[in-house]
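Okay, data.txt is below, compact mmCIF, C-alpha atoms:
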# COMPACT_ATOMS: atom_id res chain seq x y z
CA MET A 1 110.78 81.21 102.24
CA TRP A 2 108.58 80.70 99.18
CA LEU A 3 106.58 78.00 100.97
CA VAL A 4 106.23 79.99 104.20
CA HIS A 5 104.95 83.10 102.42
CA TRP A 6 101.64 81.34 101.73
CA LEU A 7 100.87 81.12 105.46
CA PRO A 8 98.75 83.78 107.18
CA LEU A 9 100.94 86.57 108.50
CA PRO A 10 100.11 85.85 112.19
CA VAL A 11 101.42 82.30 111.67
CA GLN A 12 104.55 83.62 109.95
CA ALA A 13 105.04 86.07 112.81
CA ALA A 14 104.88 83.27 115.39
CA LEU A 15 107.34 81.17 113.40
CA GLY A 16 109.64 84.16 112.99
CA ARG A 17 109.68 84.90 116.70
CA GLY A 18 110.53 81.25 117.33
CA LEU A 19 113.35 81.52 114.81
CA GLY A 20 114.56 84.63 116.61
CA ARG A 21 114.65 82.83 119.96
CA ALA A 22 116.78 80.11 118.35
CA LEU A 23 119.09 82.71 116.81
CA PHE A 24 119.55 84.37 120.20
CA ALA A 25 120.48 81.03 121.76
CA LEU A 26 122.77 79.83 118.96
CA GLY A 27 124.16 83.04 117.44
CA ARG A 28 126.79 83.78 120.06
CA SER A 29 128.69 86.34 117.99
CA ARG A 30 125.67 88.43 116.98
CA ARG A 31 124.24 88.17 120.49
CA ARG A 32 127.46 89.61 121.90
CA ILE A 33 127.39 92.45 119.37
CA ALA A 34 123.78 93.34 120.20
CA LEU A 35 124.43 93.32 123.94
CA ARG A 36 127.57 95.41 123.51
CA ASN A 37 125.72 97.97 121.40
CA LEU A 38 122.99 98.22 124.00
CA GLU A 39 125.57 98.61 126.76
CA LEU A 40 127.20 101.48 124.86
CA CYS A 41 123.95 103.22 123.92
CA PHE A 42 122.00 102.64 127.15
CA PRO A 43 124.62 102.53 129.94
CA HIS A 44 122.01 103.68 132.47
CA TRP A 45 119.94 100.52 131.91
CA THR A 46 120.43 97.46 134.07
CA LEU A 47 121.95 94.32 132.58
CA ALA A 48 118.58 92.60 132.90
CA GLN A 49 116.89 95.38 130.91
CA ARG A 50 119.46 95.16 128.13
CA GLU A 51 119.23 91.38 127.95
CA ALA A 52 115.43 91.54 127.78
CA LEU A 53 115.61 94.05 124.93
CA ALA A 54 118.19 91.91 123.10
CA ARG A 55 115.92 88.86 123.34
CA GLU A 56 113.00 90.89 122.02
CA HIS A 57 115.17 92.30 119.25
CA PHE A 58 116.16 88.83 118.05
CA GLN A 59 112.49 87.87 117.80
CA TRP A 60 111.84 90.88 115.54
CA LEU A 61 114.98 89.94 113.61
CA GLY A 62 113.68 86.39 113.11
CA ARG A 63 110.42 87.80 111.82
CA SER A 64 112.16 90.16 109.42
CA LEU A 65 114.20 87.31 107.95
CA LEU A 66 111.28 84.94 107.54
CA GLU A 67 108.80 87.54 106.29
CA ARG A 68 111.22 88.62 103.57
CA GLY A 69 109.62 85.81 101.56
CA LEU A 70 106.27 87.57 101.84
CA LEU A 71 107.79 90.74 100.38
CA TRP A 72 109.52 88.82 97.60
CA TYR A 73 106.69 86.52 96.51
CA ALA A 74 103.25 87.69 97.71
CA PRO A 75 100.84 89.24 95.18
CA ARG A 76 100.57 93.00 95.01
CA ARG A 77 97.02 93.05 96.41
CA ARG A 78 98.02 91.09 99.50
CA LEU A 79 100.92 93.43 100.20
CA GLU A 80 98.69 96.48 99.73
CA ARG A 81 96.34 95.09 102.39
CA LEU A 82 99.16 94.42 104.85
CA ILE A 83 101.17 97.65 104.47
CA ARG A 84 99.59 100.79 105.90
CA ILE A 85 100.97 104.09 104.68
CA GLU A 86 101.11 107.19 106.86
CA GLY A 87 102.19 110.57 105.53
CA ASP A 88 102.96 111.92 102.09
CA ILE A 89 104.23 109.01 100.02
CA GLY A 90 103.41 110.92 96.83
CA LEU A 91 105.94 113.68 97.43
CA ALA A 92 108.51 112.13 95.09
CA ASP A 93 106.06 112.02 92.19
CA ARG A 94 105.08 115.70 92.61
CA SER A 95 108.47 117.18 93.45
CA ASP A 96 110.39 119.14 90.84
CA LYS A 97 113.56 118.18 92.70
CA PRO A 98 114.79 114.61 93.23
CA VAL A 99 113.79 113.20 96.61
CA MET A 100 116.09 111.41 99.03
CA TRP A 101 114.22 109.03 101.32
CA LEU A 102 116.26 108.77 104.52
CA ALA A 103 115.51 105.31 105.94
CA PRO A 104 117.34 103.98 109.04
CA HIS A 105 117.91 100.27 109.62
CA PHE A 106 114.77 99.16 111.39
CA MET A 107 113.56 95.59 110.98
CA ALA A 108 110.86 96.56 108.46
CA LEU A 109 113.27 98.46 106.21
CA ASP A 110 112.47 96.25 103.21
CA VAL A 111 108.76 96.87 103.77
CA ALA A 112 109.41 100.56 103.12
CA GLY A 113 111.10 99.65 99.86
CA VAL A 114 108.11 97.57 98.77
CA ALA A 115 105.67 100.32 99.78
CA ILE A 116 107.51 102.77 97.55
CA GLN A 117 107.35 100.40 94.59
CA LEU A 118 103.64 99.82 95.16
CA HIS A 119 102.64 103.47 95.42
CA VAL A 120 105.27 105.68 93.74
CA LYS A 121 105.18 106.02 89.96
CA LYS A 122 108.74 107.25 89.47
CA THR A 123 111.47 104.64 89.26
CA GLY A 124 113.32 104.63 92.56
CA THR A 125 116.97 103.77 93.07
CA SER A 126 119.04 102.51 95.97
CA ILE A 127 122.29 100.85 97.03
CA TYR A 128 122.53 97.37 98.49
CA GLN A 129 125.22 95.15 99.99
CA ALA A 130 126.06 92.48 97.40
CA GLN A 131 126.14 88.97 98.90
CA SER A 132 129.08 86.61 98.48
CA ASN A 133 126.63 83.76 97.81
CA LYS A 134 125.58 84.34 94.21
CA VAL A 135 122.32 82.40 94.54
CA PHE A 136 121.18 84.44 97.53
CA ASP A 137 122.38 87.66 95.91
CA ALA A 138 120.27 86.87 92.84
CA ALA A 139 117.26 86.15 95.07
CA ILE A 140 117.64 89.51 96.82
CA ARG A 141 117.90 91.39 93.53
CA ARG A 142 114.95 89.55 92.02
CA GLY A 143 112.82 90.15 95.11
CA ARG A 144 113.64 93.83 95.38
CA LEU A 145 113.17 94.56 91.68
CA ARG A 146 110.13 92.42 90.91
CA PHE A 147 107.66 95.29 90.46
CA GLY A 148 109.81 96.81 87.73
CA ASN A 149 110.06 100.40 88.95
CA ALA A 150 113.35 100.26 90.84
CA GLU A 151 117.08 100.12 90.20
CA ILE A 152 119.64 98.98 92.74
CA PHE A 153 123.41 99.23 92.64
CA SER A 154 125.98 97.29 94.60
CA ARG A 155 127.92 99.30 97.16
CA LYS A 156 131.07 98.01 95.46
CA GLU A 157 130.16 99.71 92.17
CA SER A 158 131.05 103.22 91.10
CA ALA A 159 128.65 105.93 92.26
CA LYS A 160 128.37 107.37 88.75
CA PRO A 161 125.34 105.31 87.60
CA LEU A 162 123.48 106.22 90.80
CA MET A 163 124.27 109.91 90.35
CA ARG A 164 123.00 109.81 86.77
CA CYS A 165 119.71 108.32 87.96
CA ILE A 166 119.27 111.04 90.57
CA ARG A 167 120.08 113.78 88.07
CA ARG A 168 117.30 112.36 85.87
CA GLY A 169 114.93 112.98 88.76
CA GLN A 170 114.75 109.47 90.21
CA PRO A 171 114.19 109.36 93.98
CA PHE A 172 116.92 107.74 96.07
CA PHE A 173 116.26 105.33 98.96
CA ASN A 174 119.20 106.05 101.27
CA LEU A 175 120.25 103.93 104.27
CA PRO A 176 122.53 106.28 106.23
CA ASP A 177 123.31 104.55 109.51
CA MET A 178 125.92 101.82 109.06
CA ASP A 179 129.65 101.84 109.74
CA PHE A 180 131.48 101.66 106.40
CA GLY A 181 134.81 102.80 107.76
CA PRO A 182 136.45 106.23 107.98
CA LYS A 183 136.35 107.08 104.25
CA ASP A 184 133.99 110.01 103.55
CA ALA A 185 132.78 109.77 107.15
CA ALA A 186 133.08 111.70 110.39
CA PHE A 187 132.92 110.60 114.00
CA VAL A 188 129.53 111.90 115.07
CA PRO A 189 127.85 111.07 118.40
CA PHE A 190 125.33 108.25 118.34
CA PHE A 191 123.80 107.91 121.79
CA GLY A 192 126.86 109.77 123.04
CA VAL A 193 129.39 107.41 121.45
CA PRO A 194 131.50 108.63 118.48
CA ALA A 195 130.33 106.64 115.45
CA ALA A 196 131.78 106.69 111.94
CA THR A 197 128.88 108.21 110.01
CA LEU A 198 128.78 108.93 106.29
CA LEU A 199 128.64 112.61 105.36
CA ALA A 200 127.17 111.63 101.99
CA PRO A 201 123.47 112.31 102.78
CA SER A 202 124.19 115.99 103.41
CA ARG A 203 126.78 116.37 100.66
CA MET A 204 124.71 114.54 98.05
CA ALA A 205 121.52 116.40 98.89
CA ARG A 206 123.36 119.71 98.61
CA ALA A 207 125.24 118.86 95.40
CA LEU A 208 122.13 117.49 93.62
CA ASP A 209 119.60 119.94 95.12
CA MET A 210 117.54 117.15 96.68
CA VAL A 211 114.54 117.19 98.99
CA VAL A 212 115.17 114.98 102.04
CA GLN A 213 112.18 113.05 103.41
CA PRO A 214 112.65 110.76 106.45
CA VAL A 215 110.97 107.34 106.28
CA VAL A 216 110.48 104.86 109.13
CA ALA A 217 108.97 101.38 108.78
CA GLU A 218 107.51 99.38 111.66
CA MET A 219 106.40 95.78 112.09
CA LEU A 220 103.18 95.44 114.05
CA PRO A 221 102.91 92.78 116.77
CA GLY A 222 100.97 89.59 116.23
CA GLY A 223 101.31 89.66 112.45
CA ARG A 224 98.84 92.54 112.07
CA GLY A 225 100.85 93.99 109.19
CA TYR A 226 103.21 96.91 108.82
CA VAL A 227 103.22 100.70 109.01
CA VAL A 228 105.47 102.89 106.87
CA ARG A 229 105.63 106.54 107.95
CA PHE A 230 106.63 109.15 105.38
CA LEU A 231 107.49 112.11 107.56
CA PRO A 232 107.44 115.76 106.47
CA PRO A 233 110.54 116.69 104.45
CA TRP A 234 113.23 118.56 106.30
CA THR A 235 113.12 122.23 105.35
CA ASP A 236 116.54 123.08 106.82
CA PHE A 237 118.51 120.17 105.43
CA PRO A 238 121.05 120.20 103.88
CA THR A 239 122.98 123.22 105.08
CA ASP A 240 126.50 124.27 104.18
CA ASP A 241 127.77 122.41 107.26
CA ALA A 242 127.81 118.66 106.47
CA LEU A 243 129.05 117.78 109.95
CA ALA A 244 126.19 119.62 111.66
CA ASP A 245 123.72 118.00 109.24
CA THR A 246 125.08 114.56 110.06
CA ARG A 247 124.84 115.24 113.78
CA ARG A 248 121.23 116.32 113.32
CA MET A 249 120.50 113.14 111.32
CA ASN A 250 121.91 110.91 114.07
CA GLN A 251 119.85 112.74 116.68
CA TRP A 252 116.70 112.08 114.66
CA ILE A 253 117.59 108.38 114.35
CA GLU A 254 118.10 108.25 118.12
CA GLN A 255 114.60 109.66 118.65
CA GLU A 256 113.08 107.00 116.39
CA ILE A 257 115.04 104.24 118.15
CA GLU A 258 113.74 105.41 121.52
CA ARG A 259 110.21 105.08 120.13
CA MET A 260 110.71 101.40 119.19
CA PRO A 261 114.13 100.25 120.46
CA ALA A 262 113.67 96.52 119.91
CA GLN A 263 113.19 96.92 116.16
CA TYR A 264 116.50 98.65 115.42
CA LEU A 265 119.39 96.67 113.89
CA TRP A 266 121.49 96.08 117.00
CA VAL A 267 123.41 93.12 115.53
CA HIS A 268 125.47 95.45 113.30
CA LYS A 269 128.86 96.64 114.60
CA ARG A 270 127.84 100.28 114.60
CA PHE A 271 130.98 101.35 116.49
CA LYS A 272 133.51 99.13 114.71
CA THR A 273 135.59 102.03 113.37
CA ARG A 274 137.23 104.02 116.12
CA PRO A 275 138.89 107.44 116.21
CA PRO A 276 142.69 107.28 116.05
CA GLY A 277 144.14 106.05 119.33
CA GLU A 278 140.87 104.75 120.77
CA PRO A 279 140.58 101.05 121.71
CA ARG A 280 138.29 98.65 119.89
CA LEU A 281 134.80 98.27 121.36
CA TYR A 282 134.01 94.73 120.18

Whole structure, structure tokens version:
Amino acid sequence: MWLVHWLPLPVQAALGRGLGRALFALGRSRRRIALRNLELCFPHWTLAQREALAREHFQWLGRSLLERGLLWYAPRRRLERLIRIEGDIGLADRSDKPVMWLAPHFMALDVAGVAIQLHVKKTGTSIYQAQSNKVFDAAIRRGRLRFGNAEIFSRKESAKPLMRCIRRGQPFFNLPDMDFGPKDAAFVPFFGVPAATLLAPSRMARALDMVVQPVVAEMLPGGRGYVVRFLPPWTDFPTDDALADTRRMNQWIEQEIERMPAQYLWVHKRFKTRPPGEPRLY
């Protein structure tokens, strides 16, 4: 990854798409998961349409894996040239309240994290999934913290250090759309399918009096760079109804997926946890 990051981005993009085609052919398990997710979320599509989208998705996935080296090793000036910002990225620096960036799992998710470190003065904080391979885990931490204005906590750790950071006014980069089981979650429709969805974004924003700003990152075709959109903060979120807030959040994520469906993380078992008595979907 360190060697590849020196290549022009269009060359990296071509290599990444090739890697994605290989992953689609060889990664039977993840291919099945992606196709099953697409079947559940887009039942009105034909099988050929879903397979075409899955193939395209794996090419974006290959790019996101390979171009992680660019985000971890490229100089600041190169990244600033490649990442275009849309919207109010400076909200967190001006806000008297801590800001929660709500960032769904699109392929350029890590690009959004880098954009924040490049352009936001306050030290941001986030949660990440610690890797079982200690070498790779160290590489992830080093890459995500290399600009010095971020803190990340393993999902396995206590939430107390994160809460202290937010109370000090640090913005929080929140990834709200994965299945972490039934604990602190509710079954909320996601493309019409009940999905275990954390209630924490609403509850945390309400408890800590946070401003919630949606963020969506996009990879541009042909290696033309990236776009990170900082959308207007939600003025009616959170409410006193965490379930309604979570339903509204999923509906917004659905809208963004429909805008660029191939770049969403379809290889995750989004519907792994089922309501009591319902059969498994994978």

Checklist line | Counting all atoms listed in the file, the residue of A:Ser202, A:Ser95, A:Ser154, A:Asn250 that sits nearest Gln131 of chain A | finding: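 Between A:Ser202, A:Ser95, A:Ser154, A:Asn250, the residue approaching Gln131 of chain A most closely is A:Ser154.
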
Every residue with an atom at most 8 Å from (130.6, 116.0, 102.4) (file coordinates; all atoms listed in the file) is what I'm after, so could you write them as a PDB file with C-alpha atoms, keeping the file's coordinate frame?
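The resulting file, part.pdb, is shown below:
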ATOM      1  CA  ASP A 184     133.990 110.010 103.550  1.00  0.00           C
ATOM      2  CA  LEU A 199     128.640 112.610 105.360  1.00  0.00           C
ATOM      3  CA  ALA A 200     127.170 111.630 101.990  1.00  0.00           C
ATOM      4  CA  SER A 202     124.190 115.990 103.410  1.00  0.00           C
ATOM      5  CA  ARG A 203     126.780 116.370 100.660  1.00  0.00           C
ATOM      6  CA  MET A 204     124.710 114.540  98.050  1.00  0.00           C
ATOM      7  CA  ALA A 242     127.810 118.660 106.470  1.00  0.00           C
ATOM      8  CA  LEU A 243     129.050 117.780 109.950  1.00  0.00           C
TER       9      LEU A 243
END

Item checked: Straight-line distance linking atom CA of Ala112 of chain A with atom CA of Phe172 of chain A, stated in Å to one decimal -> 12.6 Å

Per residue of segment 184-238 of chain A within 7 Å of segment 3-27 of chain A, which atom pair is closest and at what distance in Å (one decimal), using all atoms listed in the file, listed by chain and increasing number, as JSON lines?
{"residue": "A:Gly222", "atom": "CA", "partner": "A:Pro10", "partner_atom": "CA", "distance": 5.6}
{"residue": "A:Gly223", "atom": "CA", "partner": "A:Pro10", "partner_atom": "CA", "distance": 4.0}
{"residue": "A:Arg224", "atom": "CA", "partner": "A:Pro10", "partner_atom": "CA", "distance": 6.8}

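Take atom CA of Gly124 of chain A and atom CA of Leu162 of chain A: the distance between them is 10.4 Å.
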
Margin query: I want to know what sits within 10 Å of Asp110 of chain A, based on only C-alpha atoms, with residues of the same chain fewer than 3 positions away left out; could you give that as a PyMOL selection string?
Written below: chain A and resi 64+67-68+71-72+103+105-107+113-116+144+217

Check: In Å to one decimal, how far is atom CA of Arg206 of chain A from atom CA of Pro161 of chain A?
Finding: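 Computing it gives 18.2 Å between the two atoms.
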
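Of the residues under consideration (A:Lys97, A:Lys269, A:Arg164, A:His119), A:His119 shows the shortest atom-to-atom contact distance to Phe147 of chain A when counting all atoms listed in the file.
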